[in-house]
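Structure data (mmCIF, C-alpha atoms, pLDDT in the B column; chains and numbers go by the auth columns) from target-v8.cif:
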```cif
data_query
#
loop_
_atom_site.group_PDB
_atom_site.id
_atom_site.type_symbol
_atom_site.label_atom_id
_atom_site.label_comp_id
_atom_site.label_asym_id
_atom_site.label_seq_id
_atom_site.Cartn_x
_atom_site.Cartn_y
_atom_site.Cartn_z
_atom_site.B_iso_or_equiv
_atom_site.auth_seq_id
_atom_site.auth_asym_id
ATOM 1 C CA MET A 1 -47.973 -93.135 69.012 48.00 1 U
ATOM 2 C CA SER A 2 -45.676 -95.344 66.944 50.00 2 U
ATOM 3 C CA ALA A 3 -48.335 -95.537 64.225 51.00 3 U
ATOM 4 C CA THR A 4 -48.114 -91.778 63.746 53.00 4 U
ATOM 5 C CA LEU A 5 -44.305 -91.832 63.639 54.00 5 U
ATOM 6 C CA LEU A 6 -44.095 -94.520 60.966 54.00 6 U
ATOM 7 C CA PRO A 7 -45.846 -92.490 58.217 58.00 7 U
ATOM 8 C CA ARG A 8 -43.651 -89.505 59.000 62.00 8 U
ATOM 9 C CA ARG A 9 -40.515 -91.606 58.685 83.00 9 U
ATOM 10 C CA LEU A 10 -41.671 -93.037 55.366 84.00 10 U
ATOM 11 C CA ASP A 11 -42.640 -89.571 54.188 87.00 11 U
ATOM 12 C CA ALA A 12 -39.277 -88.168 55.303 85.00 12 U
ATOM 13 C CA ARG A 13 -37.394 -90.927 53.472 89.00 13 U
ATOM 14 C CA ARG A 14 -39.480 -90.369 50.368 92.00 14 U
ATOM 15 C CA ASN A 15 -38.838 -86.610 50.525 92.00 15 U
ATOM 16 C CA ARG A 16 -35.091 -87.171 50.886 93.00 16 U
ATOM 17 C CA GLU A 17 -35.094 -89.502 47.891 93.00 17 U
ATOM 18 C CA VAL A 18 -37.027 -86.955 45.813 95.00 18 U
ATOM 19 C CA ILE A 19 -34.667 -84.144 46.830 95.00 19 U
ATOM 20 C CA LEU A 20 -31.621 -86.232 45.984 92.00 20 U
ATOM 21 C CA ARG A 21 -33.044 -87.382 42.636 92.00 21 U
ATOM 22 C CA VAL A 22 -33.915 -83.801 41.678 93.00 22 U
ATOM 23 C CA ALA A 23 -30.442 -82.612 42.761 90.00 23 U
ATOM 24 C CA VAL A 24 -28.713 -85.308 40.686 86.00 24 U
ATOM 25 C CA GLU A 25 -30.846 -84.443 37.640 87.00 25 U
ATOM 26 C CA ALA A 26 -30.235 -80.721 38.107 85.00 26 U
ATOM 27 C CA PHE A 27 -26.523 -81.276 38.475 80.00 27 U
ATOM 28 C CA ASP A 28 -26.390 -83.453 35.361 77.00 28 U
ATOM 29 C CA ARG A 29 -28.264 -80.811 33.388 79.00 29 U
ATOM 30 C CA CYS A 30 -26.481 -77.717 34.714 74.00 30 U
ATOM 31 C CA GLY A 31 -23.059 -79.127 35.596 68.00 31 U
ATOM 32 C CA GLU A 32 -23.159 -77.440 38.986 71.00 32 U
ATOM 33 C CA LEU A 33 -25.104 -77.577 42.192 74.00 33 U
ATOM 34 C CA VAL A 34 -28.169 -75.400 42.037 82.00 34 U
ATOM 35 C CA SER A 35 -29.454 -73.579 45.116 88.00 35 U
ATOM 36 C CA LEU A 36 -31.419 -75.437 47.740 91.00 36 U
ATOM 37 C CA ASP A 37 -34.334 -73.097 47.066 93.00 37 U
ATOM 38 C CA GLU A 38 -34.280 -74.146 43.402 92.00 38 U
ATOM 39 C CA ILE A 39 -34.144 -77.819 44.409 93.00 39 U
ATOM 40 C CA ALA A 40 -37.189 -77.268 46.639 94.00 40 U
ATOM 41 C CA ARG A 41 -39.048 -75.624 43.747 94.00 41 U
ATOM 42 C CA ARG A 42 -38.173 -78.398 41.294 94.00 42 U
ATOM 43 C CA ALA A 43 -39.055 -81.107 43.817 94.00 43 U
ATOM 44 C CA GLY A 44 -42.366 -79.470 44.667 95.00 44 U
ATOM 45 C CA LEU A 45 -41.418 -79.337 48.348 94.00 45 U
ATOM 46 C CA GLY A 46 -41.138 -76.561 50.862 94.00 46 U
ATOM 47 C CA ARG A 47 -37.796 -74.919 51.546 94.00 47 U
ATOM 48 C CA ALA A 48 -37.914 -76.083 55.176 94.00 48 U
ATOM 49 C CA THR A 49 -38.230 -79.705 54.053 94.00 49 U
ATOM 50 C CA VAL A 50 -35.142 -79.454 51.866 94.00 50 U
ATOM 51 C CA TYR A 51 -33.130 -77.627 54.535 93.00 51 U
ATOM 52 C CA ARG A 52 -34.172 -80.233 57.127 93.00 52 U
ATOM 53 C CA HIS A 53 -32.501 -82.939 55.054 94.00 53 U
ATOM 54 C CA PHE A 54 -29.610 -80.882 53.657 93.00 54 U
ATOM 55 C CA PRO A 55 -28.661 -77.814 55.706 93.00 55 U
ATOM 56 C CA ASP A 56 -26.431 -76.390 52.954 91.00 56 U
ATOM 57 C CA ARG A 57 -25.124 -76.927 49.413 88.00 57 U
ATOM 58 C CA ASN A 58 -22.112 -78.853 50.698 88.00 58 U
ATOM 59 C CA ALA A 59 -24.330 -81.385 52.451 91.00 59 U
ATOM 60 C CA LEU A 60 -26.402 -81.776 49.303 91.00 60 U
ATOM 61 C CA GLY A 61 -23.262 -81.993 47.136 88.00 61 U
ATOM 62 C CA SER A 62 -21.843 -84.695 49.391 89.00 62 U
ATOM 63 C CA ALA A 63 -25.068 -86.672 49.103 91.00 63 U
ATOM 64 C CA VAL A 64 -25.021 -86.340 45.302 87.00 64 U
ATOM 65 C CA ALA A 65 -21.366 -87.460 45.220 86.00 65 U
ATOM 66 C CA ALA A 66 -22.196 -90.458 47.420 89.00 66 U
ATOM 67 C CA GLU A 67 -25.079 -91.346 45.085 86.00 67 U
ATOM 68 C CA ARG A 68 -22.764 -91.109 42.065 83.00 68 U
ATOM 69 C CA LEU A 69 -20.178 -93.362 43.731 86.00 69 U
ATOM 70 C CA ALA A 70 -22.863 -95.909 44.609 88.00 70 U
ATOM 71 C CA ASP A 71 -23.941 -95.903 40.950 84.00 71 U
ATOM 72 C CA LEU A 72 -20.340 -96.449 39.872 83.00 72 U
ATOM 73 C CA ALA A 73 -19.963 -99.312 42.361 86.00 73 U
ATOM 74 C CA ARG A 74 -23.009 -101.025 40.842 87.00 74 U
ATOM 75 C CA ARG A 75 -21.517 -100.628 37.374 82.00 75 U
ATOM 76 C CA MET A 76 -18.168 -102.066 38.474 81.00 76 U
ATOM 77 C CA GLU A 77 -19.850 -105.387 39.160 81.00 77 U
ATOM 78 C CA SER A 78 -20.534 -106.138 35.493 82.00 78 U
ATOM 79 C CA ALA A 79 -18.146 -104.049 33.380 82.00 79 U
ATOM 80 C CA SER A 80 -14.563 -104.542 32.291 85.00 80 U
ATOM 81 C CA PHE A 81 -12.155 -101.944 33.616 88.00 81 U
ATOM 82 C CA ARG A 82 -11.998 -100.240 30.221 89.00 82 U
ATOM 83 C CA GLU A 83 -15.806 -100.179 29.915 86.00 83 U
ATOM 84 C CA PHE A 84 -16.019 -98.817 33.422 83.00 84 U
ATOM 85 C CA LEU A 85 -13.457 -96.080 32.742 86.00 85 U
ATOM 86 C CA HIS A 86 -15.285 -95.152 29.553 84.00 86 U
ATOM 87 C CA ALA A 87 -18.599 -94.893 31.385 79.00 87 U
ATOM 88 C CA THR A 88 -16.953 -92.874 34.143 79.00 88 U
ATOM 89 C CA LEU A 89 -15.173 -90.532 31.762 79.00 89 U
ATOM 90 C CA VAL A 90 -18.173 -89.968 29.493 75.00 90 U
ATOM 91 C CA GLU A 91 -21.325 -90.443 31.559 68.00 91 U
ATOM 92 C CA GLN A 92 -20.112 -89.567 35.027 68.00 92 U
ATOM 93 C CA ARG A 93 -17.713 -86.765 34.159 69.00 93 U
ATOM 94 C CA SER A 94 -19.898 -84.299 35.999 72.00 94 U
ATOM 95 C CA LEU A 95 -18.741 -86.039 39.190 75.00 95 U
ATOM 96 C CA VAL A 96 -15.362 -84.326 38.753 75.00 96 U
ATOM 97 C CA GLY A 97 -17.021 -80.911 38.601 75.00 97 U
ATOM 98 C CA LEU A 98 -19.178 -81.765 41.570 79.00 98 U
ATOM 99 C CA LEU A 99 -16.163 -82.766 43.642 80.00 99 U
ATOM 100 C CA ARG A 100 -14.514 -79.445 42.829 80.00 100 U
ATOM 101 C CA GLU A 101 -17.471 -77.625 44.383 80.00 101 U
ATOM 102 C CA LEU A 102 -17.124 -79.433 47.702 84.00 102 U
ATOM 103 C CA PRO A 103 -14.796 -78.386 50.523 88.00 103 U
ATOM 104 C CA GLU A 104 -11.269 -79.786 50.202 90.00 104 U
ATOM 105 C CA ARG A 105 -11.785 -82.375 52.931 91.00 105 U
ATOM 106 C CA ALA A 106 -14.859 -83.787 51.183 88.00 106 U
ATOM 107 C CA GLN A 107 -13.006 -83.728 47.842 87.00 107 U
ATOM 108 C CA ARG A 108 -10.283 -85.910 49.322 89.00 108 U
ATOM 109 C CA ARG A 109 -12.797 -88.252 50.944 90.00 109 U
ATOM 110 C CA TYR A 110 -14.709 -88.878 47.717 87.00 110 U
ATOM 111 C CA SER A 111 -11.572 -89.056 45.595 87.00 111 U
ATOM 112 C CA ASP A 112 -10.179 -91.677 47.991 91.00 112 U
ATOM 113 C CA ALA A 113 -13.493 -93.554 47.863 90.00 113 U
ATOM 114 C CA LEU A 114 -13.380 -93.544 44.066 87.00 114 U
ATOM 115 C CA LEU A 115 -9.813 -94.886 44.043 91.00 115 U
ATOM 116 C CA THR A 116 -10.765 -97.574 46.561 92.00 116 U
ATOM 117 C CA LEU A 117 -13.616 -98.566 44.273 88.00 117 U
ATOM 118 C CA LEU A 118 -11.312 -98.705 41.244 89.00 118 U
ATOM 119 C CA ARG A 119 -8.364 -100.480 42.910 92.00 119 U
ATOM 120 C CA PRO A 120 -9.409 -104.161 42.456 91.00 120 U
ATOM 121 C CA ALA A 121 -10.361 -103.794 38.776 90.00 121 U
ATOM 122 C CA PHE A 122 -7.274 -101.647 38.130 93.00 122 U
ATOM 123 C CA ARG A 123 -5.005 -104.330 39.611 92.00 123 U
ATOM 124 C CA ARG A 124 -6.745 -107.087 37.652 90.00 124 U
ATOM 125 C CA ALA A 125 -6.377 -105.177 34.376 92.00 125 U
ATOM 126 C CA ARG A 126 -2.663 -104.635 35.035 91.00 126 U
ATOM 127 C CA GLU A 127 -2.079 -108.258 36.049 92.00 127 U
ATOM 128 C CA GLU A 128 -3.831 -109.438 32.889 91.00 128 U
ATOM 129 C CA GLY A 129 -1.637 -107.154 30.786 92.00 129 U
ATOM 130 C CA ARG A 130 -4.530 -105.086 29.474 91.00 130 U
ATOM 131 C CA LEU A 131 -3.487 -101.855 31.153 92.00 131 U
ATOM 132 C CA ARG A 132 -0.212 -100.044 30.605 90.00 132 U
ATOM 133 C CA SER A 133 2.318 -101.154 33.205 89.00 133 U
ATOM 134 C CA ASP A 134 3.516 -97.591 33.859 92.00 134 U
ATOM 135 C CA LEU A 135 0.036 -96.312 34.766 92.00 135 U
ATOM 136 C CA GLU A 136 -0.591 -95.887 38.483 93.00 136 U
ATOM 137 C CA LEU A 137 -3.907 -95.776 40.280 93.00 137 U
ATOM 138 C CA ALA A 138 -3.041 -92.302 41.564 92.00 138 U
ATOM 139 C CA ASP A 139 -2.936 -91.106 37.922 92.00 139 U
ATOM 140 C CA LEU A 140 -6.663 -91.666 37.435 89.00 140 U
ATOM 141 C CA PRO A 141 -7.955 -88.539 39.232 84.00 141 U
ATOM 142 C CA ILE A 142 -5.684 -86.508 36.958 85.00 142 U
ATOM 143 C CA VAL A 143 -7.110 -88.318 33.931 86.00 143 U
ATOM 144 C CA PHE A 144 -10.652 -87.626 35.141 83.00 144 U
ATOM 145 C CA GLY A 145 -9.868 -83.935 35.516 79.00 145 U
ATOM 146 C CA MET A 146 -8.269 -83.784 32.069 80.00 146 U
ATOM 147 C CA VAL A 147 -11.307 -85.120 30.246 78.00 147 U
ATOM 148 C CA GLU A 148 -14.036 -83.339 32.151 73.00 148 U
ATOM 149 C CA SER A 149 -15.042 -81.439 29.007 73.00 149 U
ATOM 150 C CA ALA A 150 -13.487 -83.705 26.360 77.00 150 U
ATOM 151 C CA THR A 151 -15.425 -85.080 23.428 81.00 151 U
ATOM 152 C CA GLU A 152 -16.217 -88.779 23.045 82.00 152 U
ATOM 153 C CA ARG A 153 -13.503 -89.033 20.367 87.00 153 U
ATOM 154 C CA LEU A 154 -10.862 -87.620 22.712 87.00 154 U
ATOM 155 C CA VAL A 155 -11.955 -89.932 25.528 86.00 155 U
ATOM 156 C CA GLN A 156 -11.560 -92.904 23.170 87.00 156 U
ATOM 157 C CA ALA A 157 -8.088 -91.697 22.155 89.00 157 U
ATOM 158 C CA LEU A 158 -7.098 -91.312 25.788 87.00 158 U
ATOM 159 C CA LEU A 159 -8.369 -94.778 26.665 90.00 159 U
ATOM 160 C CA ASP A 160 -6.470 -96.224 23.700 90.00 160 U
ATOM 161 C CA GLY A 161 -3.336 -94.714 25.201 90.00 161 U
ATOM 162 C CA LEU A 162 -3.983 -96.183 28.663 90.00 162 U
ATOM 163 C CA PHE A 163 -4.599 -99.741 27.519 90.00 163 U
ATOM 164 C CA GLU A 164 -2.211 -102.134 25.834 83.00 164 U
ATOM 165 C CA LYS A 165 -2.952 -103.042 22.223 75.00 165 U
ATOM 166 C CA ALA A 166 -4.481 -106.476 21.774 61.00 166 U
ATOM 167 C CA ALA A 167 -2.000 -108.879 20.244 47.00 167 U
#
```
Starting from the file, give its structure as structure tokens.
Amino acid sequence: MSATLLPRRLDARRNREVILRVAVEAFDRCGELVSLDEIARRAGLGRATVYRHFPDRNALGSAVAAERLADLARRMESASFREFLHATLVEQRSLVGLLRELPERAQRRYSDALLTLLRPAFRRAREEGRLRSDLELADLPIVFGMVESATERLVQALLDGLFEKAA
């Protein structure tokens, strides 16, 4: 009996990973969550399989947001705070739009998780004098919202304003 359960579990995990990957790609391309039916079509899976893993768009959106935050956490390990902010503002800006689509409670949860992720590097940058002393961690979600559709040039100008000039 356990031999028959093991393949199903592996298959279920694989299906969930495929659904999530397709949802992340679709979100990056479209800038919004597409329907679960569309995700099923793009993933080559049945609707029931998708709905078994994600009963609604909010569940799928939460999973995509969690995946994005995990990606950001991996990046934090090797990037300076400025490099990380740049990558977040340019490459991960769709995360802001995604969070707006989620219910308010989930928005707060993921926004808090993002700030928790940023806190150590933010403090280090301030202590080292690289970040403006009047900038607060709570200002960053506002910054993210401001540049959601900004060009690379405007993001660079904004970052120049947040960081102290090198002496």
Across U:Val18, U:Leu95, U:Leu115, U:Leu154, the smallest distance to Ile39 (chain U), with all atoms listed in the file counted, is shown by U:Val18
May I ask which of the residues U:Leu114, U:Leu45, U:Ala40, U:Leu33 is the closest one to Asp71 (chain U), counting only C-alpha atoms?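 Selected residue with least distance to Asp71 (chain U): U:Leu114.
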Taken to one decimal, the CA of Thr151 (chain U)-CA of Val34 (chain U) distance is 24.5 Å
So the first atom is CA of Glu148 (chain U) and the second is CA of Arg68 (chain U); what is the distance between them in Å, to one decimal place? 15.3 Å
Pick from U:Asp37, U:Glu152, U:Asp134, U:Glu17, whichever lies nearest to Ala87 (chain U) using all atoms listed in the file: U:Glu152
Please list as a PyMOL selection string every residue within 10 Å of region 135-145 of chain U, counting only C-alpha atoms and excluding residues in the same chain fewer than 6 positions away. chain U and resi 85+88-90+92-97+100+111-112+114-116+118-119+122-123+126+155+158-159+162-163
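The shortest atom-to-atom distance to Leu98 (chain U), with all atoms listed in the file taken into account, belongs to U:Ala23 out of U:Ala23, U:Leu36, U:Ala121, U:Ala113.
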Suppose you want the space between CA of Gln156 (chain U) and CA of Glu83 (chain U); what is it in Å? 10.8 Å
To test your reading of the syntax: which residues would the PyMOL selection byres ((chain U and resi 22) around 10) return for the file shown? Reply as a list of chain:residue names.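 In the shown coordinates, the PyMOL selection byres ((chain U and resi 22) around 10) covers U:Arg16, U:Glu17, U:Val18, U:Ile19, U:Leu20, U:Arg21, U:Ala23, U:Val24, U:Glu25, U:Ala26, U:Phe27, U:Asp28, U:Glu38, U:Ile39, U:Ala40, U:Arg41, U:Arg42, U:Ala43, U:Gly44, U:Val64.
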Write the residues you've just listed into a file as a compact mmCIF listing (two decimals), in the frame of the given file, and include C-alpha atoms for each of them.
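Final file, result.txt:
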```txt
# COMPACT_ATOMS: atom_id res chain seq x y z
CA ARG U 16 -35.09 -87.17 50.89
CA GLU U 17 -35.09 -89.50 47.89
CA VAL U 18 -37.03 -86.96 45.81
CA ILE U 19 -34.67 -84.14 46.83
CA LEU U 20 -31.62 -86.23 45.98
CA ARG U 21 -33.04 -87.38 42.64
CA ALA U 23 -30.44 -82.61 42.76
CA VAL U 24 -28.71 -85.31 40.69
CA GLU U 25 -30.85 -84.44 37.64
CA ALA U 26 -30.24 -80.72 38.11
CA PHE U 27 -26.52 -81.28 38.48
CA ASP U 28 -26.39 -83.45 35.36
CA GLU U 38 -34.28 -74.15 43.40
CA ILE U 39 -34.14 -77.82 44.41
CA ALA U 40 -37.19 -77.27 46.64
CA ARG U 41 -39.05 -75.62 43.75
CA ARG U 42 -38.17 -78.40 41.29
CA ALA U 43 -39.06 -81.11 43.82
CA GLY U 44 -42.37 -79.47 44.67
CA VAL U 64 -25.02 -86.34 45.30
```
For Glu67 (chain U), which residue out of U:Tyr110, U:Glu104, U:Glu127, U:Met146 is the nearest one, using all atoms listed in the file?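 Closest to Glu67 (chain U), using all atoms listed in the file: U:Tyr110.
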Apply the PyMOL selection byres ((chain U and resi 164) around 10) to the structure shown and report the selected residues as a ChimeraX atom specification. /U:125-126,129-133,159-163,165-167
For the selection you just gave me, I'd like the residues written to a file as a PDB file, in the frame of the given file, keeping C-alpha atoms.
```pdb
ATOM      1  CA  ALA U 125      -6.377-105.177  34.376  1.00 92.00           C
ATOM      2  CA  ARG U 126      -2.663-104.635  35.035  1.00 91.00           C
ATOM      3  CA  GLY U 129      -1.637-107.154  30.786  1.00 92.00           C
ATOM      4  CA  ARG U 130      -4.530-105.086  29.474  1.00 91.00           C
ATOM      5  CA  LEU U 131      -3.487-101.855  31.153  1.00 92.00           C
ATOM      6  CA  ARG U 132      -0.212-100.044  30.605  1.00 90.00           C
ATOM      7  CA  SER U 133       2.318-101.154  33.205  1.00 89.00           C
ATOM      8  CA  LEU U 159      -8.369 -94.778  26.665  1.00 90.00           C
ATOM      9  CA  ASP U 160      -6.470 -96.224  23.700  1.00 90.00           C
ATOM     10  CA  GLY U 161      -3.336 -94.714  25.201  1.00 90.00           C
ATOM     11  CA  LEU U 162      -3.983 -96.183  28.663  1.00 90.00           C
ATOM     12  CA  PHE U 163      -4.599 -99.741  27.519  1.00 90.00           C
ATOM     13  CA  LYS U 165      -2.952-103.042  22.223  1.00 75.00           C
ATOM     14  CA  ALA U 166      -4.481-106.476  21.774  1.00 61.00           C
ATOM     15  CA  ALA U 167      -2.000-108.879  20.244  1.00 47.00           C
TER      16      ALA U 167
END
```
If you take every atom of region 71-77 of chain U that the file lists and fit an axis-aligned box around them with 8 Å extra on each side, what centre and edge lengths come out in Å to one decimal, as JSON?
```
{"center_x": -21.1, "center_y": -100.6, "center_z": 39.9, "size_x": 21.8, "size_y": 25.5, "size_z": 21.0}
```
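Remark: for Glu128 (chain U), the closest of the candidate residues U:Gly61, U:Arg153, U:Ser80, U:Ala66 is U:Ser80 (distances computed over all atoms listed in the file).
Residues matched by the PyMOL selection byres ((chain U and resi 57) around 10) in this file are Leu33, Val34, Ser35, Leu36, Tyr51, Phe54, Pro55, Asp56, Asn58, Ala59, Leu60, Gly61, Ser62, Ala63, Glu101 and Leu102 of chain U.
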I need the chosen residues saved as a short mmCIF file (atom, residue, chain, number, x, y, z; two decimals), keeping the file's coordinate frame, with C-alpha atoms.
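Heads up, here's the output in selection.cif:
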```cif
data_model
loop_
_atom_site.label_atom_id
_atom_site.label_comp_id
_atom_site.auth_asym_id
_atom_site.auth_seq_id
_atom_site.Cartn_x
_atom_site.Cartn_y
_atom_site.Cartn_z
CA LEU U 33 -25.10 -77.58 42.19
CA VAL U 34 -28.17 -75.40 42.04
CA SER U 35 -29.45 -73.58 45.12
CA LEU U 36 -31.42 -75.44 47.74
CA TYR U 51 -33.13 -77.63 54.54
CA PHE U 54 -29.61 -80.88 53.66
CA PRO U 55 -28.66 -77.81 55.71
CA ASP U 56 -26.43 -76.39 52.95
CA ASN U 58 -22.11 -78.85 50.70
CA ALA U 59 -24.33 -81.39 52.45
CA LEU U 60 -26.40 -81.78 49.30
CA GLY U 61 -23.26 -81.99 47.14
CA SER U 62 -21.84 -84.70 49.39
CA ALA U 63 -25.07 -86.67 49.10
CA GLU U 101 -17.47 -77.62 44.38
CA LEU U 102 -17.12 -79.43 47.70
#
```
